[in-house]
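Coordinates from work.txt are shown below (compact mmCIF, C-alpha atoms and all ligand atoms).
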# COMPACT_ATOMS: atom_id res chain seq x y z
CA MET Z 38 0.00 0.00 0.00
CA HIS Z 39 1.19 3.51 -0.83
CA TRP Z 40 0.16 6.98 0.22
CA PHE Z 41 -1.04 9.35 -2.48
CA LYS Z 42 -1.57 13.09 -2.17
CA GLY Z 43 -4.54 14.63 -3.94
CA ASN Z 44 -6.85 17.59 -4.21
CA THR Z 45 -10.51 16.77 -4.75
CA HIS Z 46 -11.81 20.32 -5.25
CA THR Z 47 -10.37 22.59 -7.96
CA HIS Z 48 -11.76 25.26 -10.30
CA SER Z 49 -10.47 26.31 -13.70
CA LEU Z 50 -11.54 28.52 -16.61
CA TRP Z 51 -14.13 25.84 -17.38
CA SER Z 52 -16.21 27.61 -14.68
CA ASP Z 53 -15.09 30.43 -12.37
CA GLY Z 54 -11.38 29.67 -11.90
CA ASN Z 55 -8.83 31.99 -13.50
CA ASP Z 56 -6.35 29.70 -15.20
CA PHE Z 57 -6.14 27.00 -17.86
CA PRO Z 58 -6.53 23.43 -16.63
CA GLU Z 59 -3.02 22.51 -17.87
CA MET Z 60 -1.48 25.36 -15.86
CA ILE Z 61 -3.37 24.24 -12.78
CA ALA Z 62 -2.44 20.57 -13.25
CA LYS Z 63 1.19 21.64 -13.63
CA PHE Z 64 1.04 23.47 -10.30
CA TYR Z 65 -0.27 20.38 -8.52
CA LYS Z 66 2.08 17.96 -10.23
CA ASP Z 67 5.08 20.22 -9.52
CA ASN Z 68 4.00 20.36 -5.88
CA SER Z 69 4.16 16.58 -5.49
CA TYR Z 70 0.45 15.82 -5.73
CA HIS Z 71 -0.42 12.44 -7.24
CA PHE Z 72 -3.99 13.08 -8.23
CA LEU Z 73 -6.24 15.99 -9.05
CA VAL Z 74 -9.98 16.38 -9.42
CA LEU Z 75 -10.88 19.34 -11.61
CA SER Z 76 -14.32 20.05 -10.18
CA ASP Z 77 -15.90 22.93 -12.02
CA HIS Z 78 -19.41 24.18 -11.27
CA ASN Z 79 -21.98 22.07 -13.14
CA ILE Z 80 -19.64 21.29 -16.02
CA LEU Z 81 -17.15 18.62 -17.03
CA SER Z 82 -14.10 19.58 -19.13
CA ARG Z 83 -15.64 18.14 -22.26
CA GLY Z 84 -16.77 19.46 -25.62
CA GLU Z 85 -15.75 22.57 -27.53
CA LYS Z 86 -15.40 25.70 -25.38
CA TRP Z 87 -13.86 28.96 -26.54
CA MET Z 88 -13.25 31.87 -24.21
CA ASN Z 89 -12.61 35.51 -24.89
CA VAL Z 90 -8.99 36.33 -24.04
CA GLY Z 91 -9.90 39.73 -22.61
CA ALA Z 92 -12.40 38.10 -20.25
CA ILE Z 93 -9.73 35.67 -19.10
CA GLU Z 94 -7.28 38.50 -18.38
CA LYS Z 95 -9.96 40.33 -16.40
CA ARG Z 96 -10.25 37.37 -14.05
CA ARG Z 97 -6.55 37.77 -13.23
CA ARG Z 98 -7.46 41.14 -11.67
CA THR Z 99 -4.29 42.76 -13.10
CA LEU Z 100 -2.05 40.55 -10.97
CA GLY Z 101 1.25 39.44 -12.53
CA VAL Z 102 1.99 38.37 -16.09
CA ALA Z 103 -0.85 37.95 -18.59
CA THR Z 104 -2.59 34.58 -18.28
CA LEU Z 105 -2.38 33.79 -21.99
CA LYS Z 106 1.29 34.77 -22.13
CA LYS Z 107 2.15 32.41 -19.27
CA TYR Z 108 0.10 29.67 -20.87
CA ILE Z 109 1.91 30.04 -24.21
CA SER Z 110 5.36 30.25 -22.65
CA THR Z 111 4.69 27.12 -20.58
CA PHE Z 112 3.09 24.86 -23.18
CA GLY Z 113 4.30 26.40 -26.46
CA LYS Z 114 2.61 28.22 -29.33
CA ASP Z 115 1.77 24.97 -31.09
CA TRP Z 116 -0.31 23.68 -28.18
CA VAL Z 117 -2.42 26.82 -27.74
CA GLU Z 118 -5.39 27.33 -30.08
CA LEU Z 119 -6.41 30.90 -30.83
CA ARG Z 120 -8.91 32.48 -33.17
CA GLY Z 121 -10.01 36.04 -33.93
CA GLU Z 122 -8.16 39.30 -33.40
CA ASP Z 123 -7.83 42.03 -30.80
CA LYS Z 124 -10.87 42.36 -28.54
CA LYS Z 125 -12.51 39.39 -30.22
CA GLN Z 126 -9.58 37.05 -29.77
CA GLU Z 127 -10.59 33.70 -28.27
CA VAL Z 128 -8.74 30.69 -26.95
CA ARG Z 129 -10.06 27.14 -26.86
CA LEU Z 130 -10.05 25.38 -23.50
CA LYS Z 131 -8.58 21.91 -23.78
CA THR Z 132 -10.71 19.01 -22.64
CA LEU Z 133 -9.66 16.65 -19.87
CA LYS Z 134 -9.23 13.94 -22.49
CA GLU Z 135 -6.78 16.13 -24.39
CA ILE Z 136 -4.65 17.10 -21.42
CA ARG Z 137 -4.53 13.70 -19.68
CA PRO Z 138 -1.61 12.28 -21.75
CA LYS Z 139 0.54 15.33 -21.04
CA PHE Z 140 0.42 14.66 -17.29
CA GLU Z 141 -0.43 11.01 -16.84
CA ARG Z 142 2.24 9.52 -19.07
CA GLY Z 143 4.85 9.16 -16.32
CA GLY Z 144 2.54 7.08 -14.14
CA ASP Z 145 3.07 9.34 -11.13
CA PHE Z 146 0.07 11.62 -11.59
CA ILE Z 147 -3.56 11.07 -12.57
CA PHE Z 148 -6.73 13.05 -13.03
CA ILE Z 149 -10.00 11.85 -11.56
CA GLU Z 150 -12.90 13.37 -13.44
CA GLY Z 151 -15.23 15.43 -11.27
CA GLU Z 152 -17.78 18.18 -10.93
CA GLU Z 153 -18.95 20.52 -8.21
CA ILE Z 154 -22.68 19.89 -8.42
CA THR Z 155 -23.69 23.41 -7.53
CA ASN Z 156 -27.15 23.67 -6.15
CA SER Z 157 -29.20 25.61 -3.64
CA PHE Z 158 -32.38 25.40 -1.65
CA GLY Z 159 -34.23 28.59 -0.69
CA GLY Z 160 -31.09 30.65 -1.32
CA SER Z 161 -28.84 28.36 0.74
CA PRO Z 162 -25.96 26.86 -1.25
CA VAL Z 163 -25.78 23.08 -1.44
CA HIS Z 164 -22.52 22.18 -3.18
CA THR Z 165 -21.63 18.52 -3.62
CA ASN Z 166 -18.50 17.27 -5.33
CA GLY Z 167 -18.94 14.23 -7.51
CA MET Z 168 -15.71 12.30 -8.03
CA ASN Z 169 -14.83 9.74 -10.71
CA LEU Z 170 -17.94 10.63 -12.72
CA LYS Z 171 -18.56 9.34 -16.22
CA GLU Z 172 -21.19 11.89 -17.14
CA LEU Z 173 -22.39 15.30 -16.03
CA ILE Z 174 -24.87 15.51 -13.18
CA VAL Z 175 -27.41 18.29 -13.55
CA PRO Z 176 -28.17 19.58 -10.02
CA LYS Z 177 -31.19 17.81 -8.56
CA LYS Z 178 -33.84 19.92 -6.87
CA GLY Z 179 -35.38 18.96 -3.55
CA THR Z 180 -38.38 19.81 -1.38
CA SER Z 181 -36.18 20.83 1.57
CA LEU Z 182 -32.51 21.57 2.22
CA ARG Z 183 -31.89 18.01 3.40
CA ASP Z 184 -33.84 16.57 0.50
CA THR Z 185 -31.69 18.65 -1.87
CA MET Z 186 -28.51 17.37 -0.21
CA ARG Z 187 -29.80 13.81 -0.44
CA ASN Z 188 -30.96 13.93 -4.07
CA ASN Z 189 -27.54 14.93 -5.37
CA ILE Z 190 -25.77 12.17 -3.44
CA ILE Z 191 -28.32 9.71 -4.81
CA ALA Z 192 -27.62 10.99 -8.33
CA VAL Z 193 -23.91 10.17 -7.91
CA ARG Z 194 -24.74 6.78 -6.43
CA GLU Z 195 -27.18 6.01 -9.24
CA GLN Z 196 -24.51 6.84 -11.83
CA SER Z 197 -21.98 4.69 -9.99
CA LEU Z 198 -24.34 1.71 -10.05
CA ARG Z 199 -25.19 2.26 -13.70
CA TYR Z 200 -21.55 2.31 -14.77
CA LYS Z 201 -20.49 -0.29 -12.18
CA LYS Z 202 -17.70 2.11 -11.26
CA PRO Z 203 -16.86 3.42 -7.78
CA MET Z 204 -17.79 7.09 -7.40
CA LEU Z 205 -17.80 9.35 -4.41
CA SER Z 206 -19.58 12.49 -3.36
CA HIS Z 207 -18.62 14.98 -0.67
CA LEU Z 208 -20.60 17.81 0.80
CA ASN Z 209 -18.59 21.00 0.48
CA HIS Z 210 -18.05 23.89 2.91
CA PRO Z 211 -21.17 23.54 5.12
CA ASN Z 212 -20.67 27.02 6.60
CA PHE Z 213 -20.59 28.77 3.21
CA GLY Z 214 -23.58 31.09 3.43
CA TRP Z 215 -24.18 29.41 6.83
CA SER Z 216 -26.36 27.05 4.87
CA ILE Z 217 -25.84 23.56 6.26
CA THR Z 218 -25.89 22.79 9.96
CA ALA Z 219 -24.38 19.85 11.83
CA GLU Z 220 -27.93 18.57 12.31
CA ASP Z 221 -28.52 18.63 8.55
CA LEU Z 222 -25.29 16.74 7.93
CA ALA Z 223 -26.14 14.19 10.60
CA HIS Z 224 -29.65 13.50 9.38
CA VAL Z 225 -28.86 13.06 5.71
CA LEU Z 226 -27.63 9.52 6.23
CA GLU Z 227 -26.66 9.11 2.58
CA GLU Z 228 -23.92 11.68 3.26
CA LYS Z 229 -20.65 9.93 3.99
CA PHE Z 230 -18.05 12.67 3.37
CA PHE Z 231 -17.84 16.37 4.05
CA GLU Z 232 -15.13 19.01 3.96
CA VAL Z 233 -13.68 19.50 7.42
CA TYR Z 234 -11.24 21.95 5.85
CA ASN Z 235 -11.62 23.93 2.61
CA GLY Z 236 -8.99 26.50 1.61
CA HIS Z 237 -11.43 29.14 0.35
CA PRO Z 238 -11.22 32.06 2.81
CA GLY Z 239 -14.94 32.87 2.40
CA ILE Z 240 -16.39 29.64 3.78
CA ASN Z 241 -16.43 30.48 7.50
CA HIS Z 242 -14.14 27.60 8.44
CA LEU Z 243 -13.85 28.73 12.05
CA GLY Z 244 -17.54 29.54 12.52
CA ASP Z 245 -18.42 32.66 14.51
CA ALA Z 246 -19.50 33.58 18.03
CA LYS Z 247 -22.84 31.81 17.61
CA ARG Z 248 -22.13 29.12 15.05
CA PRO Z 249 -19.67 26.20 15.17
CA GLY Z 250 -16.68 25.88 12.84
CA ASP Z 251 -16.19 22.93 10.51
CA GLU Z 252 -14.41 20.72 13.05
CA LYS Z 253 -17.10 21.21 15.68
CA ILE Z 254 -19.76 20.58 13.04
CA TRP Z 255 -18.10 17.22 12.43
CA ASP Z 256 -18.23 16.34 16.14
CA ILE Z 257 -21.83 17.42 16.57
CA ALA Z 258 -22.93 15.52 13.47
CA ASN Z 259 -21.00 12.37 14.39
CA THR Z 260 -22.39 12.42 17.92
CA ILE Z 261 -25.96 12.67 16.60
CA ARG Z 262 -25.25 9.89 14.11
CA LEU Z 263 -23.91 7.51 16.76
CA ALA Z 264 -25.92 8.36 19.86
CA THR Z 265 -29.32 9.10 18.31
CA LEU Z 266 -29.46 7.74 14.78
CA LYS Z 267 -27.33 4.62 15.42
CA SER Z 268 -25.56 5.26 12.14
CA ASP Z 269 -22.01 5.51 10.86
CA PRO Z 270 -20.21 8.82 11.36
CA LEU Z 271 -18.94 11.06 8.54
CA TYR Z 272 -15.45 11.07 7.08
CA GLY Z 273 -13.63 14.41 6.81
CA ILE Z 274 -11.98 15.70 3.65
CA SER Z 275 -9.50 18.56 3.35
CA SER Z 276 -9.41 20.39 0.01
CA ASP Z 277 -8.32 23.57 -1.75
CA ASP Z 278 -11.42 24.83 -3.57
CA SER Z 279 -8.82 26.83 -5.48
CA HIS Z 280 -10.00 29.48 -7.96
CA TYR Z 281 -7.06 31.95 -8.32
CA TYR Z 282 -3.66 30.99 -9.66
CA HIS Z 283 -1.96 34.36 -10.24
CA GLY Z 284 -2.05 35.68 -6.69
CA GLY Z 285 -5.17 36.71 -4.82
CA ASP Z 286 -6.82 34.88 -2.00
CA VAL Z 287 -8.38 31.64 -3.24
CA LYS Z 288 -5.08 30.02 -4.03
CA PRO Z 289 -4.03 26.38 -4.39
CA GLY Z 290 -1.88 24.31 -2.02
CA ARG Z 291 -3.80 24.84 1.21
CA GLY Z 292 -5.58 21.59 1.94
CA TRP Z 293 -5.40 18.06 0.53
CA VAL Z 294 -6.05 14.42 1.28
CA MET Z 295 -3.52 11.62 1.73
CA VAL Z 296 -5.00 8.35 0.51
CA GLN Z 297 -3.63 4.89 1.21
CA SER Z 298 -4.13 2.75 -1.84
CA SER Z 299 -2.55 -0.21 -3.62
CA SER Z 300 -2.16 1.74 -6.87
CA LEU Z 301 -2.44 5.21 -8.32
CA GLU Z 302 -5.55 4.45 -10.29
CA GLU Z 303 -8.86 6.32 -10.09
CA ASP Z 304 -11.10 3.43 -8.99
CA SER Z 305 -8.57 2.31 -6.42
CA ILE Z 306 -8.23 5.81 -4.94
CA VAL Z 307 -12.01 6.17 -4.70
CA ARG Z 308 -12.42 2.73 -3.10
CA SER Z 309 -9.77 3.56 -0.50
CA MET Z 310 -11.45 6.82 0.38
CA ASP Z 311 -14.79 5.05 0.57
CA SER Z 312 -13.39 2.70 3.21
CA GLY Z 313 -11.89 5.56 5.20
CA ASN Z 314 -8.25 4.88 4.28
CA PHE Z 315 -7.27 8.51 4.06
CA TYR Z 316 -6.73 11.62 6.15
CA GLY Z 317 -7.02 15.34 5.60
CA SER Z 318 -3.99 17.61 5.77
CA SER Z 319 -2.99 21.23 5.53
CA GLY Z 320 0.69 20.48 6.07
CA VAL Z 321 1.14 17.70 8.64
CA HIS Z 322 1.88 14.20 7.35
CA PHE Z 323 2.11 10.80 9.00
CA LYS Z 324 4.85 8.22 8.59
CA ASN Z 325 2.75 5.33 9.78
CA LEU Z 326 -0.96 5.49 10.29
CA LEU Z 327 -2.86 2.50 11.57
CA ARG Z 328 -6.51 3.07 12.14
CA ASP Z 329 -8.24 -0.12 13.18
CA GLN Z 330 -11.98 0.23 13.47
CA THR Z 331 -12.39 -3.40 14.68
CA LYS Z 332 -9.89 -3.03 17.51
CA GLY Z 333 -10.88 0.59 18.19
CA THR Z 334 -7.31 1.80 17.89
CA LEU Z 335 -5.48 4.64 16.20
CA GLU Z 336 -1.71 4.80 15.99
CA PHE Z 337 0.57 7.11 14.06
CA GLU Z 338 3.92 8.79 13.89
CA ILE Z 339 4.17 12.35 12.66
CA GLU Z 340 6.65 13.17 9.90
CA ALA Z 341 8.45 15.88 11.84
CA ASN Z 342 9.74 19.10 10.32
CA ALA Z 343 12.94 20.45 11.84
CA GLY Z 344 12.16 22.92 14.58
CA ALA Z 345 8.42 22.24 14.62
CA GLU Z 346 6.51 20.99 17.63
CA TYR Z 347 3.34 18.96 17.42
CA VAL Z 348 0.27 18.76 19.59
CA THR Z 349 -2.32 16.05 18.98
CA LYS Z 350 -5.77 16.45 20.40
CA ILE Z 351 -7.86 13.33 20.72
CA ILE Z 352 -11.38 14.61 20.30
CA GLY Z 353 -14.60 12.71 20.92
CA THR Z 354 -17.84 12.43 22.85
CA ARG Z 355 -18.39 10.32 25.93
CA LYS Z 356 -21.60 8.33 26.31
CA GLY Z 357 -24.15 10.24 28.35
CA ASN Z 358 -22.75 13.59 27.22
CA GLU Z 359 -24.48 13.71 23.85
CA LYS Z 360 -26.99 16.33 25.01
CA LYS Z 361 -24.39 18.52 26.74
CA PRO Z 362 -23.16 20.92 24.03
CA ASP Z 363 -19.90 21.75 25.84
CA LEU Z 364 -18.96 18.08 26.04
CA VAL Z 365 -19.84 17.10 22.50
CA GLY Z 366 -16.48 16.84 20.72
CA GLU Z 367 -14.48 17.45 23.90
CA THR Z 368 -10.72 16.97 24.12
CA LEU Z 369 -10.27 13.48 25.56
CA ALA Z 370 -6.47 13.62 25.58
CA THR Z 371 -3.67 15.99 24.57
CA ILE Z 372 -0.48 14.36 23.35
CA LYS Z 373 2.77 16.23 22.69
CA GLY Z 374 5.49 14.88 20.42
CA THR Z 375 5.43 12.76 17.29
CA LYS Z 376 4.14 9.38 18.49
CA VAL Z 377 0.46 8.92 19.17
CA ASN Z 378 -1.72 5.98 20.04
CA TYR Z 379 -5.18 5.86 21.50
CA LYS Z 380 -7.78 3.19 22.07
CA LEU Z 381 -11.51 3.75 22.15
CA MET Z 382 -12.84 3.44 25.70
CA ASP Z 383 -16.12 1.72 26.53
CA ASN Z 384 -17.64 5.03 27.56
CA GLU Z 385 -16.83 6.84 24.30
CA TRP Z 386 -19.01 7.01 21.20
CA TYR Z 387 -16.02 7.82 19.00
CA PHE Z 388 -12.74 9.64 18.91
CA ARG Z 389 -10.59 11.22 16.21
CA ALA Z 390 -7.28 13.09 16.19
CA THR Z 391 -6.38 16.61 15.11
CA VAL Z 392 -2.66 17.31 14.91
CA THR Z 393 -1.45 20.91 14.95
CA SER Z 394 2.11 21.94 14.18
CA SER Z 395 3.78 25.01 15.66
CA LYS Z 396 4.65 25.90 12.05
CA ASP Z 397 2.63 28.61 10.31
CA HIS Z 398 0.75 27.55 7.21
CA PRO Z 399 2.73 29.00 4.26
CA ARG Z 400 -0.48 29.93 2.38
CA PRO Z 401 -3.02 30.55 5.15
CA SER Z 402 -6.76 30.84 4.48
CA PHE Z 403 -7.38 32.43 7.90
CA ASN Z 404 -5.35 34.47 10.39
CA GLY Z 405 -2.85 32.52 12.46
CA GLN Z 406 -3.44 29.25 10.59
CA LYS Z 407 -0.99 26.48 11.52
CA GLU Z 408 -0.26 23.31 9.58
CA GLN Z 409 -2.63 20.51 10.60
CA ALA Z 410 -3.86 16.99 9.91
CA TRP Z 411 -7.20 15.36 10.67
CA THR Z 412 -7.60 11.59 10.99
CA GLN Z 413 -10.89 9.82 10.40
CA PRO Z 414 -12.88 8.83 13.47
CA VAL Z 415 -12.78 5.48 15.25
CA TRP Z 416 -16.18 4.63 16.70
CA ASP Z 417 -18.16 2.14 18.70
CA SER Z 418 -19.48 -0.14 15.94
CA SER Z 419 -21.77 -1.94 18.37
CA ALA Z 420 -23.81 1.28 18.51
CA ILE Z 421 -24.69 1.03 14.82
CA ARG Z 422 -28.11 -0.28 13.85
CA LYS Z 423 -27.71 -3.23 11.49
CA LYS Z 424 -28.85 -2.43 7.99
ZN ZN N 1 -18.67 25.39 -3.57
ZN ZN N 2 -15.72 25.02 -5.27
Written as structure tokens, that's how I'd like the structure from this file.
Amino acid sequence: MHWFKGNTHTHSLWSDGNDFPEMIAKFYKDNSYHFLVLSDHNILSRGEKWMNVGAIEKRRRTLGVATLKKYISTFGKDWVELRGEDKKQEVRLKTLKEIRPKFERGGDFIFIEGEEITNSFGGSPVHTNGMNLKELIVPKKGTSLRDTMRNNIIAVREQSLRYKKPMLSHLNHPNFGWSITAEDLAHVLEEKFFEVYNGHPGINHLGDAKRPGDEKIWDIANTIRLATLKSDPLYGISSDDSHYYHGGDVKPGRGWVMVQSSSLEEDSIVRSMDSGNFYGSSGVHFKNLLRDQTKGTLEFEIEANAGAEYVTKIIGTRKGNEKKPDLVGETLATIKGTKVNYKLMDNEWYFRATVTSSKDHPRPSFNGQKEQAWTQPVWDSSAIRKK
């Protein structure tokens, strides 16, 4: 088994990102990512799409060198397709199929086709990433917020069954527009993944005085799932949601997942994530990670950076505390250093680990951000209602 680094949430000129997909893929490949999901809003990178060059340059917001110029100097005049003159000049966006060979040839990088299924209910955004898709999913309406969340997950699942191909969906940035609460996430049982970290600075990652941040949302939702609904908890994903690649504040390289898989192949990566063999990171990595749901144990060693110190918080909810808001997702243990192991106690519904480095995040999405990692939870399986 190997560990692969990937970003599951990326925007390009195919929707509201401000660079060409090849330029974006190059950034990720050069920064030692193994896989990338280009997940544009309600579109796959397929078919013929021309864009006005002036409109592309406007998206750069006058930062740095012209987008087209960088694109041509990186991939060569012969690769870039232009038509028209002056203000009417257009460039054709390459499809995923066209750009795959350029990046995948070496066997050390792959694309996984995806889409941000961009939906809303009553003005509240409901954004769901579909991963490893074979065809576009048109956002499905619903009769309530939860119904809307559910219908889009079902659409991904239906496609997966139809193609007999593993696919995955994750609920994005619940606090964006303060639209999705922990209770919503808990009660939509079809939901298996959500973004515990998203690098877009406008998604209210930390919550506010009245509303919980993404990590607390995870704990509240998982406690409801286990204590009340007798259902499996959610897995947490860390992603970039990158839009800007010339400077500006929605930049790439902030959050990613590390997936343990036998091969760097799209179905294998998706299957591993589906069984929880991955963790979220914004800079902290593990050398060994053993998460054993059957034994109730979690063990890891942190890949230490020189001069950095690490604090691991074991976070969970004890049985009997599920209705006490202050004790839902409490810190069960604090461990300093690089070696961590913890075993689920009989009186705990679940636990998970958040590791925080003393090192500042080099590309922070919020003030004072440190490098972190988030493991998946380990929970009391005997609490789960048999399906
Ligand atoms: Zn979104
Ligand atoms: Zn997005």
Considering all atoms listed in the file, return as a PyMOL selection string whatever protein or nucleic-acid residues lie within 9 Å of region 40-57 of chain Z, sequence-local ones (same chain, fewer than 5 positions apart) excluded. chain Z and resi 62+65+69-82+86+88+93-97+104-105+108+130-131+149+151-153+166+168+209+235+274-283+289-290+292-301+306+315
Please return, as a list of chain:residue names, all polymer residues that have at least one atom within 10 Å of the point (-20.7, 23.3, 15.8); use only C-alpha atoms and the file's own coordinate frame. Z:Asn212, Z:Thr218, Z:Ala219, Z:Glu220, Z:Leu243, Z:Gly244, Z:Asp245, Z:Lys247, Z:Arg248, Z:Pro249, Z:Gly250, Z:Asp251, Z:Glu252, Z:Lys253, Z:Ile254, Z:Trp255, Z:Asp256, Z:Ile257, Z:Ala258, Z:Pro362, Z:Val365, Z:Gly366
Store the residues picked out above, limited to C-alpha atoms, as a compact mmCIF listing (two decimals), keeping the file's coordinate frame.
# COMPACT_ATOMS: atom_id res chain seq x y z
CA ASN Z 212 -20.67 27.02 6.60
CA THR Z 218 -25.89 22.79 9.96
CA ALA Z 219 -24.38 19.85 11.83
CA GLU Z 220 -27.93 18.57 12.31
CA LEU Z 243 -13.85 28.73 12.05
CA GLY Z 244 -17.54 29.54 12.52
CA ASP Z 245 -18.42 32.66 14.51
CA LYS Z 247 -22.84 31.81 17.61
CA ARG Z 248 -22.13 29.12 15.05
CA PRO Z 249 -19.67 26.20 15.17
CA GLY Z 250 -16.68 25.88 12.84
CA ASP Z 251 -16.19 22.93 10.51
CA GLU Z 252 -14.41 20.72 13.05
CA LYS Z 253 -17.10 21.21 15.68
CA ILE Z 254 -19.76 20.58 13.04
CA TRP Z 255 -18.10 17.22 12.43
CA ASP Z 256 -18.23 16.34 16.14
CA ILE Z 257 -21.83 17.42 16.57
CA ALA Z 258 -22.93 15.52 13.47
CA PRO Z 362 -23.16 20.92 24.03
CA VAL Z 365 -19.84 17.10 22.50
CA GLY Z 366 -16.48 16.84 20.72
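Closest approach to Gly236 (chain Z) from the set Z:Ser394, Z:Gln413, Z:Gln406, Z:Thr349 is made by Z:Gln406, with distances taken over all atoms listed in the file.
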Any idea what's packed within 12 Å of Leu182 (chain Z), counting all atoms listed in the file, ignoring anything in its chain fewer than 5 positions away? Could you give it as a list in words?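 Contacts, with the query itself left out: Asn156, Ser157, Phe158, Gly159, Gly160, Ser161, Pro162, Val163, His164, Lys177, Arg187, Asn188, Asn189, Pro211, Ser216, Ile217, Thr218, Glu220, Asp221, Leu222, His224 and Val225 of chain Z.
Remark: for ligand ZN 2 (chain N), the closest of the candidate residues Z:Ser309, Z:Thr155, Z:Thr391, Z:Asn259 is Z:Thr155 (distances computed over only C-alpha atoms and all ligand atoms).
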Select, counting all atoms listed in the file, all protein, DNA and RNA residues no farther than 7 Å from (-19.7, 10.7, 23.0) in file coordinates, and express the selection as an NGL selection string. :Z and (260 or 353-359 or 365 or 385-387)
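Nearest residue to Thr111 (chain Z) among Z:Ile61, Z:Leu271, Z:Ile339, Z:Ala410 is Z:Ile61, counting only C-alpha atoms.
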For the atom pair CA of Thr375 (chain Z) and CA of Glu338 (chain Z), what is the interatomic distance in Å to one decimal place?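 According to the coordinates, CA of Thr375 (chain Z) and CA of Glu338 (chain Z) are separated by 5.4 Å.
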Two-atom distance - CA of Gly167 (chain Z), CA of Ser206 (chain Z) (Å): 4.5 Å
Would you work out the distance separating CA of Phe337 (chain Z) from CA of Lys376 (chain Z), expressed in Å to one decimal?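 Atom-to-atom, CA of Phe337 (chain Z) to CA of Lys376 (chain Z), that is 6.1 Å.
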Using only C-alpha atoms and all ligand atoms, pick whichever of Z:Thr165, Z:Thr412, Z:Gln126, Z:Ser110 has the shortest atom-to-atom distance to ligand ZN 2 (chain N).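 Smallest separation from ligand ZN 2 (chain N) among the options: Z:Thr165.
Counting all atoms listed in the file, the residue from Z:His242, Z:Lys106, Z:Lys361, Z:Lys324 that sits nearest to Ser402 (chain Z) is Z:His242.
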Axis-aligned box for all listed atoms of region 343-360 of chain Z, 4 Å per side, centre and edges in Å to one decimal, as AutoDock Vina command-line options:
--center_x -7.0 --center_y 15.6 --center_z 20.1 --size_x 47.9 --size_y 22.6 --size_z 24.5
Select, from Z:Tyr272, Z:Phe231, Z:Phe323, Z:Phe146, the residue with the minimum atom-to-atom distance to Asn68 (chain Z), counting all atoms listed in the file.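 Under the stated criterion, the closest residue is Z:Phe146.
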